[in-house]
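As structure tokens, the structure follows; a few thoughts come after it.
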Amino acid sequence: MKLRFNNNFKYIIFTTLIFLFIQLLSSFNFLNRYYQGILTIMCINIILVVSLNIIAGFLGQLTLGHAGFMAIGAYFSAYITKLLSNTYFSFPIALFLGSLMAGIFGIAVALITLRLKGDYLAIITLAFAEVVRNILLNLDVVGGASGYVGIVKHTNFAYAYLIMFVVIILTISVIKSKSGRAILAIKEDEIAASASGVDVGNYKILAFVFSAFFAGLAGGLYAHYMGILEPKAFRLDKSVEILVMCVLGGMGNLKGSIIAAIILTLLPELLQGISSYRTLLYAVVLIVMMLAKNHLTLKGGVK
Amino acid sequence: MELSQFIMQFVNGLNVGSIYALIALGYTMVYGIAKLINFAHGDLIMVGSYGVFYFYTVLKLPLWIAIVLAILLCVILGALIEKIAYKPLRKASKISLLITAIGMSYLLQSTFQLIFTANPKVFPNFINLPALKLGDILIGANYYLTFLISIFLLIALNILVKHTKVGRAMRAVSQDAGAAQLMGIDVDKTISITFMIGSGLAAIAGILYCCLYPVVSPYLGAVPGIKAFIAAVLGGIGSIPGAVLGAFILGMVEVMSKAYLSSALSDTIVFSILIIMLIFKPSGILGKNLKEKV
């Protein structure tokens, strides 16, 4: 998993320039707290869509439980920061532990679902997320239904941006490594991949762990950005929202999904009046994208 | 006292179970024939109850016309959804179909939210039959009515599937669509009819559900939809008796766990049953083992 600096060099420069530009704007007060907040949420959404892409795009399996991993990361990291009152290192440690917890659950879900795919995988991950949410709803240690309040707001734009950058680089290097090729092979044809010596089970678990870990990371950032966590923020709607970004950007297309995440974060903010139409917009995106995609493949298949 | 309370809960479980059974049948029939988890099925429950609310309360039509119109609305909508969204994707990958189905569910919810706003509406109370008295146990009219209507529909459906030409066509298409087509069965028409029957059952289930909990909102269908889906998986998705069995088991488990364990953890228990079932026997109680084809 060596980083390919030659290929990624221009991206690194590009993203650093964007970062410096935004920091410059905010230091001259061109960007107030509201815009900085939107940018932070945007980074969190990009982490989420990239992490979902590992399973849905590269491994080719549909999961509807991404909000569950995010919730685990969010609640666990918030719990840790409350436990460690030391403010300097507590946040990075909490983020890491929260993501690790989400990753462990990722392994568990992957082990359970190894033999399942398609519809059943989607349903079991949906059930997993609902169980997580229901347990959080009844867990008084983390506030239960009334919400987990008083989380110190550590997350700022710089933190979110840096972590987003690392997540993207790591994902690209995983996908370009030997493991990544194995994961792509499983997506194309599981049986052919296993016949060619790819250990399907191991690589599925790997993909789930990475995906869950990053989703937990996004959850941790979200928790320390909001300052309050409510189980209802992690309903099926959240998983579908991430899926919509992934679908709009093109599954398995990192650049596309990053752009889609940016657009779908900005759109409701730019057009305040559209907020009541947001779910309608999501629905239309899902249906039209799927119909259009399959129309093109049919055309391509005729040749 | 203990016993009468238990009987009350048992009746409650039968009631919830029979509503789930009607919904689960739609899921299982559509899955059997189109190999698709129709996420929008739960939202047809909502359409059915909004239909009765609109035709009866707003337009003040006679009750039976309102109910018939609401069922018709769902039947037409179900067929339309199949035609527009699912039919073009019949040869597409599973993941595309699932995403489209989720999109359809969102489309129905948001459309009805735009039409009727998100504020819940009060569902009309139109059942004024006397309650059934068994010793010192009183069973409300909507309880036994729900149960009787469901049992009647289940028997009717069983006759339809087993002993009519349409039913034979449906079973043939679900076994092998290609071979069925070669035998002269109109596959498209059969799939459309299946969606229509499923949607009609969902509408009736929605009306009965709203007689029990008389509030209509755009997100009404989500909870009974997902529970009925779990019931269908529990019984073995694709199997009609399985769906009914699963629905009654699930209804009982839900009501009993609410009454005797913890009402807060009832949903966790229901979802855990689904997870455990999928781990150990993904084909369900009465489902056939699916062999993977290479």
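Chains: A, B, ... in order of the structure tokens. Residues: from 1 per chain. Ligands: from 1, in order shown.
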For this session: Up to 10 Å from chain A, what residues of chain B turn up? Count only C-alpha atoms and give them as a ChimeraX atom specification.
Result: /B:35-37,84-86,88-111,113-114,117-118,226,229-230,233,264-280,282-283,294
Exercise. So which bits of range 58-239 of chain A end up alpha helix (DSSP H) when you DSSP the backbone, as a PyMOL selection string?
Worked result: chain A and resi 66-83+87-113+119-137+157-176+178-188+190-195+200-226+236-239
Exercise. Which neighbours of Gly206 in chain B fall inside 7 Å, counting only C-alpha atoms, when residues of the same chain fewer than 3 positions from it are skipped, and could you give them as a VMD selection string?
Worked result: chain B and resid 45 to 46 48 to 49 202 to 203 209 to 210
Given the selection you just returned, output its residues as a file containing C-alpha atoms, formatted as a compact mmCIF listing (two decimals), in the first residue's frame.
# COMPACT_ATOMS: atom_id res chain seq x y z
CA ILE B 45 -50.23 1.47 2.72
CA MET B 46 -49.93 5.19 3.27
CA GLY B 48 -54.45 3.68 0.71
CA SER B 49 -55.15 5.40 4.00
CA ALA B 202 -51.54 -3.05 0.81
CA ALA B 203 -54.38 -0.53 0.47
CA TYR B 209 -54.05 -0.24 10.13
CA CYS B 210 -55.55 3.24 10.32
Would you tabulate, counting only C-alpha atoms, all residues of range 116-191 of chain B that have an atom at most 12 Å from an atom of range 18-26 of chain B, showing the closest pair of atoms and their distance in Å to one decimal, sorted by chain then ascending number, as a Markdown table?
| residue | atom | partner | partner_atom | distance |
| --- | --- | --- | --- | --- |
| B:Asn142 | CA | B:Ile19 | CA | 11.7 |
| B:Tyr143 | CA | B:Ser18 | CA | 9.9 |
| B:Tyr144 | CA | B:Ser18 | CA | 10.5 |
| B:Leu145 | CA | B:Ser18 | CA | 10.6 |
| B:Thr146 | CA | B:Ser18 | CA | 7.2 |
| B:Phe147 | CA | B:Ser18 | CA | 6.0 |
| B:Leu148 | CA | B:Ser18 | CA | 9.0 |
| B:Ile149 | CA | B:Ser18 | CA | 8.9 |
| B:Ser150 | CA | B:Ser18 | CA | 5.8 |
| B:Ile151 | CA | B:Ser18 | CA | 7.6 |
| B:Phe152 | CA | B:Ser18 | CA | 10.8 |
| B:Leu153 | CA | B:Leu22 | CA | 8.1 |
| B:Leu154 | CA | B:Leu22 | CA | 7.7 |
| B:Ile155 | CA | B:Leu22 | CA | 11.5 |
| B:Ala156 | CA | B:Leu22 | CA | 12.0 |
| B:Leu157 | CA | B:Leu25 | CA | 9.4 |
| B:Asn158 | CA | B:Leu25 | CA | 10.8 |
| B:Val161 | CA | B:Leu25 | CA | 11.9 |
Could the residues in this selection be saved with C-alpha atoms as a PDB file, in the first residue's frame?
ATOM      1  CA  ASN B 142     -62.147  -3.349  14.567  1.00  0.00           C
ATOM      2  CA  TYR B 143     -60.201  -6.225  16.128  1.00  0.00           C
ATOM      3  CA  TYR B 144     -62.458  -9.025  14.977  1.00  0.00           C
ATOM      4  CA  LEU B 145     -63.289  -7.221  11.744  1.00  0.00           C
ATOM      5  CA  THR B 146     -59.588  -6.894  10.856  1.00  0.00           C
ATOM      6  CA  PHE B 147     -59.007 -10.530  11.626  1.00  0.00           C
ATOM      7  CA  LEU B 148     -62.030 -11.738   9.627  1.00  0.00           C
ATOM      8  CA  ILE B 149     -61.283  -9.548   6.607  1.00  0.00           C
ATOM      9  CA  SER B 150     -57.655 -10.693   6.575  1.00  0.00           C
ATOM     10  CA  ILE B 151     -58.555 -14.368   6.850  1.00  0.00           C
ATOM     11  CA  PHE B 152     -61.131 -13.950   4.081  1.00  0.00           C
ATOM     12  CA  LEU B 153     -58.578 -12.252   1.818  1.00  0.00           C
ATOM     13  CA  LEU B 154     -55.936 -14.867   2.569  1.00  0.00           C
ATOM     14  CA  ILE B 155     -58.324 -17.665   1.604  1.00  0.00           C
ATOM     15  CA  ALA B 156     -59.414 -15.787  -1.522  1.00  0.00           C
ATOM     16  CA  LEU B 157     -55.798 -15.237  -2.510  1.00  0.00           C
ATOM     17  CA  ASN B 158     -54.981 -18.869  -1.910  1.00  0.00           C
ATOM     18  CA  VAL B 161     -53.103 -18.551  -6.822  1.00  0.00           C
TER      19      VAL B 161
END
Exercise. Out of B:Gln5, B:Glu82, B:Leu212, B:Ser263, which residue has the shortest atom-to-atom distance to Asp136 in chain B when counting only C-alpha atoms?
Worked result: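 Closest to Asp136 in chain B of all the choices is B:Gln5.
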For this session: Could you check how far CA of Gly103 in chain A sits from CA of Ile186 in chain A, in Å to one decimal?
Result: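 So the answer is 20.9 Å.
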For this session: Could you please determine the separation between CA of Ala205 in chain B and CA of Ile7 in chain B in Å, to one decimal place?
Result: 23.3 Å
Exercise. CA of Ser239 in chain A and CA of Ile44 in chain A are how many Å apart?
Worked result: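 A separation of 13.7 Å between them.
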Problem set entry | Nearby residues (only C-alpha atoms) at most 10 Å from Ala215 in chain A, same-chain spacing under 6 positions excluded, as a list in words |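 My list of contacting residues is Ile44, Asn45, Ile47, Leu48, Val49, Val50, Ser51, Leu52, His66, Ala67, Gly68, Phe69, Met70, Ala71, Ile72, Gly73, Ala74, Gly98, Ser99, Ala102, Gly103, Gly106, Val209 and Leu221 of chain A.
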Would you mind exporting N, CA and C atoms of the selected residues as an mmCIF file, in the first residue's frame?
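Contents of again.cif, as written:
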data_model
loop_
_atom_site.group_PDB
_atom_site.id
_atom_site.type_symbol
_atom_site.label_atom_id
_atom_site.label_comp_id
_atom_site.auth_asym_id
_atom_site.auth_seq_id
_atom_site.Cartn_x
_atom_site.Cartn_y
_atom_site.Cartn_z
ATOM 1 N N ILE A 44 -17.313 16.350 5.969
ATOM 2 C CA ILE A 44 -17.827 15.137 6.618
ATOM 3 C C ILE A 44 -18.607 14.297 5.603
ATOM 4 N N ASN A 45 -19.425 14.965 4.796
ATOM 5 C CA ASN A 45 -20.196 14.233 3.785
ATOM 6 C C ASN A 45 -19.279 13.569 2.757
ATOM 7 N N ILE A 47 -16.233 12.479 3.333
ATOM 8 C CA ILE A 47 -15.676 11.279 3.972
ATOM 9 C C ILE A 47 -16.707 10.140 3.920
ATOM 10 N N LEU A 48 -17.959 10.481 4.215
ATOM 11 C CA LEU A 48 -19.006 9.456 4.221
ATOM 12 C C LEU A 48 -19.181 8.837 2.842
ATOM 13 N N VAL A 49 -19.238 9.676 1.822
ATOM 14 C CA VAL A 49 -19.521 9.137 0.490
ATOM 15 C C VAL A 49 -18.334 8.314 -0.012
ATOM 16 N N VAL A 50 -17.119 8.764 0.329
ATOM 17 C CA VAL A 50 -15.938 7.992 -0.071
ATOM 18 C C VAL A 50 -15.943 6.641 0.635
ATOM 19 N N SER A 51 -16.312 6.648 1.920
ATOM 20 C CA SER A 51 -16.294 5.379 2.652
ATOM 21 C C SER A 51 -17.388 4.436 2.154
ATOM 22 N N LEU A 52 -18.552 4.996 1.813
ATOM 23 C CA LEU A 52 -19.612 4.117 1.281
ATOM 24 C C LEU A 52 -19.196 3.547 -0.071
ATOM 25 N N HIS A 66 -24.987 2.390 6.616
ATOM 26 C CA HIS A 66 -23.849 3.264 6.827
ATOM 27 C C HIS A 66 -24.062 4.194 8.011
ATOM 28 N N ALA A 67 -25.303 4.642 8.201
ATOM 29 C CA ALA A 67 -25.600 5.526 9.332
ATOM 30 C C ALA A 67 -25.307 4.819 10.651
ATOM 31 N N GLY A 68 -25.427 3.498 10.666
ATOM 32 C CA GLY A 68 -25.139 2.736 11.873
ATOM 33 C C GLY A 68 -23.678 2.845 12.267
ATOM 34 N N PHE A 69 -22.772 2.652 11.304
ATOM 35 C CA PHE A 69 -21.338 2.791 11.579
ATOM 36 C C PHE A 69 -21.024 4.216 12.019
ATOM 37 N N MET A 70 -21.655 5.177 11.337
ATOM 38 C CA MET A 70 -21.423 6.580 11.663
ATOM 39 C C MET A 70 -21.861 6.848 13.101
ATOM 40 N N ALA A 71 -23.012 6.294 13.471
ATOM 41 C CA ALA A 71 -23.545 6.517 14.821
ATOM 42 C C ALA A 71 -22.601 5.929 15.867
ATOM 43 N N ILE A 72 -22.064 4.729 15.574
ATOM 44 C CA ILE A 72 -21.158 4.106 16.543
ATOM 45 C C ILE A 72 -19.933 4.989 16.743
ATOM 46 N N GLY A 73 -19.339 5.454 15.624
ATOM 47 C CA GLY A 73 -18.176 6.333 15.714
ATOM 48 C C GLY A 73 -18.498 7.605 16.465
ATOM 49 N N ALA A 74 -19.652 8.182 16.167
ATOM 50 C CA ALA A 74 -20.033 9.460 16.773
ATOM 51 C C ALA A 74 -20.203 9.311 18.279
ATOM 52 N N GLY A 98 -13.163 5.963 18.350
ATOM 53 C CA GLY A 98 -14.518 5.873 17.796
ATOM 54 C C GLY A 98 -14.517 5.143 16.462
ATOM 55 N N SER A 99 -13.555 5.510 15.612
ATOM 56 C CA SER A 99 -13.472 4.867 14.304
ATOM 57 C C SER A 99 -13.122 3.399 14.457
ATOM 58 N N ALA A 102 -16.126 1.524 15.309
ATOM 59 C CA ALA A 102 -16.950 1.332 14.106
ATOM 60 C C ALA A 102 -16.329 0.245 13.233
ATOM 61 N N GLY A 103 -14.987 0.257 13.131
ATOM 62 C CA GLY A 103 -14.291 -0.744 12.332
ATOM 63 C C GLY A 103 -14.518 -2.148 12.867
ATOM 64 N N GLY A 106 -17.665 -3.182 11.884
ATOM 65 C CA GLY A 106 -17.574 -3.499 10.461
ATOM 66 C C GLY A 106 -17.135 -4.936 10.249
ATOM 67 N N VAL A 209 -14.162 -3.221 6.727
ATOM 68 C CA VAL A 209 -13.438 -2.579 7.825
ATOM 69 C C VAL A 209 -13.060 -1.154 7.446
ATOM 70 N N LEU A 221 -16.253 13.246 13.782
ATOM 71 C CA LEU A 221 -16.174 14.659 13.396
ATOM 72 C C LEU A 221 -17.538 15.323 13.551
#
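The residue that comes closest to His224 in chain A, out of A:Leu271, A:Ala94, A:Ile22, A:Leu59 and on the basis of only C-alpha atoms, is A:Ala94.
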Exercise. If you count only C-alpha atoms, which residues fall within 9 Å of range 171-175 of chain B, apart from same-chain ones fewer than 6 positions away, as a ChimeraX atom specification?
Worked result: /B:29,31-35,161-162,181,185,187,190-191,238
May I have the selected residues written with C-alpha atoms, as a JSON list (two decimals), in the first residue's frame?
[["chain", "number", "residue", "atom", "x", "y", "z"],
["B", 29, "MET", "CA", -45.60, -12.18, -4.21],
["B", 31, "TYR", "CA", -40.37, -10.93, -4.77],
["B", 32, "GLY", "CA", -41.41, -14.34, -5.97],
["B", 33, "ILE", "CA", -42.30, -13.12, -9.40],
["B", 34, "ALA", "CA", -40.02, -10.14, -10.07],
["B", 35, "LYS", "CA", -37.11, -11.00, -7.72],
["B", 161, "VAL", "CA", -53.10, -18.55, -6.82],
["B", 162, "LYS", "CA", -53.82, -22.26, -6.69],
["B", 181, "GLN", "CA", -43.00, -17.20, -21.87],
["B", 185, "ILE", "CA", -47.81, -16.92, -20.86],
["B", 187, "VAL", "CA", -45.02, -12.48, -18.58],
["B", 190, "THR", "CA", -48.65, -11.49, -15.16],
["B", 191, "ILE", "CA", -46.09, -9.33, -13.39],
["B", 238, "GLY", "CA", -41.36, -15.81, -2.13]]
Residues at most 10 Å from Gly287 in chain B, counting only C-alpha atoms, excluding those fewer than 3 positions away in the same chain, as a short mmCIF file (atom, residue, chain, number, x, y, z; two decimals) with N, CA and C atoms, in the first residue's frame?
data_model
loop_
_atom_site.label_atom_id
_atom_site.label_comp_id
_atom_site.auth_asym_id
_atom_site.auth_seq_id
_atom_site.Cartn_x
_atom_site.Cartn_y
_atom_site.Cartn_z
N ALA B 232 -42.06 -11.31 6.00
CA ALA B 232 -41.94 -12.04 4.75
C ALA B 232 -40.61 -12.81 4.70
N VAL B 233 -39.53 -12.16 5.17
CA VAL B 233 -38.23 -12.82 5.17
C VAL B 233 -38.23 -13.97 6.17
N LEU B 234 -38.85 -13.74 7.33
CA LEU B 234 -38.92 -14.75 8.38
C LEU B 234 -39.61 -16.01 7.86
N GLY B 235 -40.71 -15.82 7.14
CA GLY B 235 -41.45 -16.97 6.65
C GLY B 235 -40.82 -17.58 5.41
N GLY B 236 -39.89 -16.88 4.81
CA GLY B 236 -39.29 -17.36 3.57
C GLY B 236 -39.83 -16.53 2.43
N ILE B 237 -39.03 -15.57 1.96
CA ILE B 237 -39.56 -14.64 0.98
C ILE B 237 -39.82 -15.37 -0.33
N GLY B 238 -40.96 -15.09 -0.94
CA GLY B 238 -41.36 -15.81 -2.13
C GLY B 238 -42.40 -16.87 -1.84
N SER B 239 -42.56 -17.20 -0.54
CA SER B 239 -43.51 -18.24 -0.18
C SER B 239 -44.75 -17.60 0.45
N ILE B 240 -45.94 -17.89 -0.11
CA ILE B 240 -47.15 -17.23 0.38
C ILE B 240 -47.56 -17.73 1.76
N PRO B 241 -47.63 -19.06 2.00
CA PRO B 241 -47.94 -19.47 3.38
C PRO B 241 -46.87 -19.01 4.36
N GLY B 242 -45.62 -18.94 3.89
CA GLY B 242 -44.53 -18.46 4.74
C GLY B 242 -44.77 -17.05 5.21
N ALA B 243 -45.23 -16.18 4.30
CA ALA B 243 -45.45 -14.79 4.66
C ALA B 243 -46.52 -14.68 5.74
N LYS B 281 -30.67 -19.14 8.65
CA LYS B 281 -31.48 -19.74 7.59
C LYS B 281 -32.03 -18.63 6.70
N PRO B 282 -31.19 -18.12 5.80
CA PRO B 282 -31.61 -16.98 4.99
C PRO B 282 -32.86 -17.28 4.16
N SER B 283 -33.14 -18.55 3.91
CA SER B 283 -34.30 -18.85 3.07
C SER B 283 -35.60 -18.81 3.86
N GLY B 284 -35.54 -18.61 5.18
CA GLY B 284 -36.76 -18.47 5.97
C GLY B 284 -37.34 -19.81 6.41
N LEU B 290 -32.12 -21.60 -1.79
CA LEU B 290 -31.74 -21.10 -3.11
C LEU B 290 -30.35 -21.61 -3.42
#
Could you name the residues that touch Val122 in chain B at 8 Å or less, counting only C-alpha atoms, but leaving out those on the same chain fewer than 5 positions away, as an mmCIF file with N, CA, C and O atoms, in the first residue's frame?
data_model
loop_
_atom_site.group_PDB
_atom_site.id
_atom_site.type_symbol
_atom_site.label_atom_id
_atom_site.label_comp_id
_atom_site.auth_asym_id
_atom_site.auth_seq_id
_atom_site.Cartn_x
_atom_site.Cartn_y
_atom_site.Cartn_z
ATOM 1 N N PRO B 214 -55.634 5.688 14.393
ATOM 2 C CA PRO B 214 -56.325 6.566 13.441
ATOM 3 C C PRO B 214 -55.597 7.873 13.126
ATOM 4 O O PRO B 214 -56.159 8.948 13.268
ATOM 5 N N VAL B 215 -54.346 7.794 12.712
ATOM 6 C CA VAL B 215 -53.616 8.992 12.310
ATOM 7 C C VAL B 215 -52.956 8.728 10.963
ATOM 8 O O VAL B 215 -52.326 7.686 10.788
ATOM 9 N N VAL B 216 -53.115 9.639 10.008
ATOM 10 C CA VAL B 216 -52.515 9.453 8.686
ATOM 11 C C VAL B 216 -51.394 10.466 8.508
ATOM 12 O O VAL B 216 -51.604 11.666 8.682
#
